[in-house]
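Undergrad: First the structure, then my questions, so here it is.
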Amino acid sequence: KISGDTLLCEGLKTILQSNVSTTYKWSTGANSQQIEVTQPGQYSLTLTNENDCESYGVITIRKAPEATYQLNSYPPICSGEQNGIIEIKNPSKIPAIVKYELNTKIQANGLYNNLNAGVYYLKLLDENGCEYLDTIALKDPPVWSISLPSQIQLEKGESRQIIIKIDSITIKEIKFDPEDGIGKLNDSVFVITGNHTTQYLIKVTDEIGCEKQYVLQLVVIDNNSVYVPTSFSPNGDGINDWYYPQSRESKQLTNFQIFDRWGNRVYNKSNIK
């Protein structure tokens, strides 16, 4: 009796063997108890026992039918987002795919969502035990940014143009929040007027809906006034590490004190110019 898997998966091998204790003669010319088979076809084995009696066996190895599958991939909509999709469909289901594995994530269906951009390795297993390997790349959409100053200083009533334009993309919408003191000349040129000190949140949206947000601090200086920030963060990150009042004219502070968020005074100095 010859034992072994009679279905041969593409690119793999199967082992044919006999457990009878005797001498062996395979149709391939081998004399071993087992042989490796890499091609479909008919294989025979002649067994001879210690009394020189012969027995004969034949086994037919068939090529396993290949599963058909379709790959659909959708990269993330915006750069850095985790909404990419990879979908594997098994339309004929003959043979059926019974296991899906994408980058070690195993599931019983072929829909993978919430994916980052990157390279994904796919392994499929059908009902006959045959494996299929594939590679899918989800490309990250183009990264774009706008160069804007973090702070603008204007005298009270002074105006300045702000140009927001990127050559590599089409800007769909630009919004300022709040809109007070903002005028629009065209789709990319705005005029900001120094009515009062304001922090603007600027939202820029491209043609596919990807959004970037920027913070612009407008400091309005009155010739007879001093601008004093309400807070700062001296943590060494290079952002708002220093605290200083601002004025267009020379001023003297009779007393200058700084308190932490709990109301504890951390700095005190008098007669500062």
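Chains: A, B, ... in order of the structure tokens. Residues: from 1 per chain. Ligands: from 1, in order shown.
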Do a neighbour search on region 90-92 of chain A at 9 Å with only C-alpha atoms, toss out local chain neighbours closer than 4 positions, and write the hits as a PyMOL selection string.
TA: chain A and resi 67-70+96-97+110
Undergrad: Quick one: which region 48-149 of chain A residues come within 10 Å of region 192-208 of chain A, and what is the nearest atom pair for each with the distance in Å to one decimal, counting only C-alpha atoms, rows ordered by chain and ascending number, as JSON lines?
TA:
{"residue": "A:Ile77", "atom": "CA", "partner": "A:Ile208", "partner_atom": "CA", "distance": 7.8}
{"residue": "A:Cys78", "atom": "CA", "partner": "A:Ile208", "partner_atom": "CA", "distance": 8.2}
{"residue": "A:Trp144", "atom": "CA", "partner": "A:Asp206", "partner_atom": "CA", "distance": 9.7}
{"residue": "A:Ser145", "atom": "CA", "partner": "A:Val204", "partner_atom": "CA", "distance": 9.4}
{"residue": "A:Ile146", "atom": "CA", "partner": "A:Val204", "partner_atom": "CA", "distance": 8.9}
Undergrad: Please, what distance in Å, to one decimal, runs between CA of Glu66 (chain A) and CA of Leu111 (chain A)?
TA: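 Value for the CA of Glu66 (chain A)-CA of Leu111 (chain A) distance: 20.8 Å.
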Undergrad: Which neighbours of Asn255 (chain A) fall inside 9 Å, counting only C-alpha atoms, when residues of the same chain fewer than 3 positions from it are skipped, and could you give them as a list of chain:residue names?
TA: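 Residues meeting the cut-off are A:Gln252, A:Asn268, A:Lys269, A:Ser270, A:Asn271, A:Ile272.
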Undergrad: So, counting only C-alpha atoms, which residue among A:Leu216, A:Val119, A:Val191, A:Cys130 is closest to Gly157 (chain A)?
TA: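 Comparing A:Leu216, A:Val119, A:Val191, A:Cys130 against Gly157 (chain A), the winner is A:Val191.
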Undergrad: What's the separation between CA of Leu148 (chain A) and CA of Lys184 (chain A), in Å to one decimal place?
TA: 16.7 Å
Undergrad: Mind pulling up the distance from CA of Val228 (chain A) to CA of Tyr243 (chain A)?
TA: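 So the answer is 8.6 Å.
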Undergrad: List as a short mmCIF file (atom, residue, chain, number, x, y, z; two decimals) with N, CA, C and O atoms, in the first residue's frame the protein and nucleic acid residues near Pro149 (chain A), meaning an atom at most 12 Å away when only C-alpha atoms are counted, but skip any in the same chain fewer than 2 places from it.
TA:
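Resulting contents of part.cif:
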data_model
loop_
_atom_site.label_atom_id
_atom_site.label_comp_id
_atom_site.auth_asym_id
_atom_site.auth_seq_id
_atom_site.Cartn_x
_atom_site.Cartn_y
_atom_site.Cartn_z
N ILE A 146 2.31 74.35 4.82
CA ILE A 146 2.34 75.77 4.48
C ILE A 146 3.26 76.49 5.45
O ILE A 146 3.20 76.26 6.66
N SER A 147 4.11 77.32 4.90
CA SER A 147 5.03 78.08 5.74
C SER A 147 4.38 79.40 6.14
O SER A 147 4.16 80.28 5.30
N GLN A 151 3.83 84.21 14.58
CA GLN A 151 3.39 85.46 15.20
C GLN A 151 3.60 86.64 14.24
O GLN A 151 4.60 86.69 13.52
N ILE A 152 2.63 87.52 14.24
CA ILE A 152 2.73 88.77 13.47
C ILE A 152 2.47 89.93 14.41
O ILE A 152 1.52 89.90 15.20
N GLN A 153 3.31 90.96 14.35
CA GLN A 153 3.11 92.16 15.15
C GLN A 153 2.67 93.31 14.25
O GLN A 153 3.28 93.58 13.22
N ILE A 162 -1.40 88.36 3.82
CA ILE A 162 -0.94 87.00 4.08
C ILE A 162 -1.25 86.17 2.84
O ILE A 162 -2.41 86.11 2.41
N ILE A 163 -0.22 85.55 2.27
CA ILE A 163 -0.41 84.72 1.07
C ILE A 163 -0.29 83.26 1.47
O ILE A 163 0.71 82.83 2.04
N ILE A 164 -1.34 82.49 1.17
CA ILE A 164 -1.36 81.05 1.46
C ILE A 164 -1.52 80.31 0.14
O ILE A 164 -2.60 80.30 -0.45
N TYR A 200 -5.36 83.26 16.02
CA TYR A 200 -6.16 82.71 14.93
C TYR A 200 -5.84 81.23 14.72
O TYR A 200 -4.67 80.84 14.74
N ILE A 202 -6.03 78.70 11.75
CA ILE A 202 -6.19 78.69 10.29
C ILE A 202 -6.32 77.24 9.83
O ILE A 202 -5.44 76.42 10.08
N TYR A 214 -3.11 75.56 11.47
CA TYR A 214 -2.00 76.40 11.89
C TYR A 214 -2.51 77.42 12.90
O TYR A 214 -3.65 77.87 12.82
N VAL A 215 -1.64 77.77 13.82
CA VAL A 215 -1.98 78.78 14.81
C VAL A 215 -1.14 80.03 14.52
O VAL A 215 0.08 79.96 14.41
N LEU A 216 -1.82 81.16 14.39
CA LEU A 216 -1.16 82.44 14.13
C LEU A 216 -1.52 83.40 15.26
O LEU A 216 -2.70 83.66 15.50
N GLN A 217 -0.50 83.91 15.92
CA GLN A 217 -0.71 84.87 16.99
C GLN A 217 -0.51 86.29 16.44
O GLN A 217 0.57 86.64 15.97
N LEU A 218 -1.58 87.06 16.46
CA LEU A 218 -1.50 88.46 16.05
C LEU A 218 -1.32 89.32 17.31
O LEU A 218 -2.16 89.31 18.21
#
Undergrad: I need the residues in region 3-244 of chain A that are strand (DSSP E or B) according to DSSP; give them as number ranges by chain.
TA: A: 3, 7-8, 14-17, 23-26, 34-37, 41-48, 54-63, 70-74, 84-89, 97-102, 105-107, 111-115, 118-126, 131-138, 151-155, 159-163, 171-177, 182-184, 189-193, 198-206, 211-221, 227
Undergrad: Find the residues of region 63-182 of chain A that sit at most 12 Å from region 22-41 of chain A; for each, write down the nearest two atoms and how far apart they are in Å, to one decimal. Count only C-alpha atoms. Sort by chain, then by number going up, and give it as a Markdown table.
TA:
| residue | atom | partner | partner_atom | distance |
| --- | --- | --- | --- | --- |
| A:Lys63 | CA | A:Pro40 | CA | 5.6 |
| A:Ala64 | CA | A:Pro40 | CA | 9.1 |
| A:Pro65 | CA | A:Pro40 | CA | 11.9 |
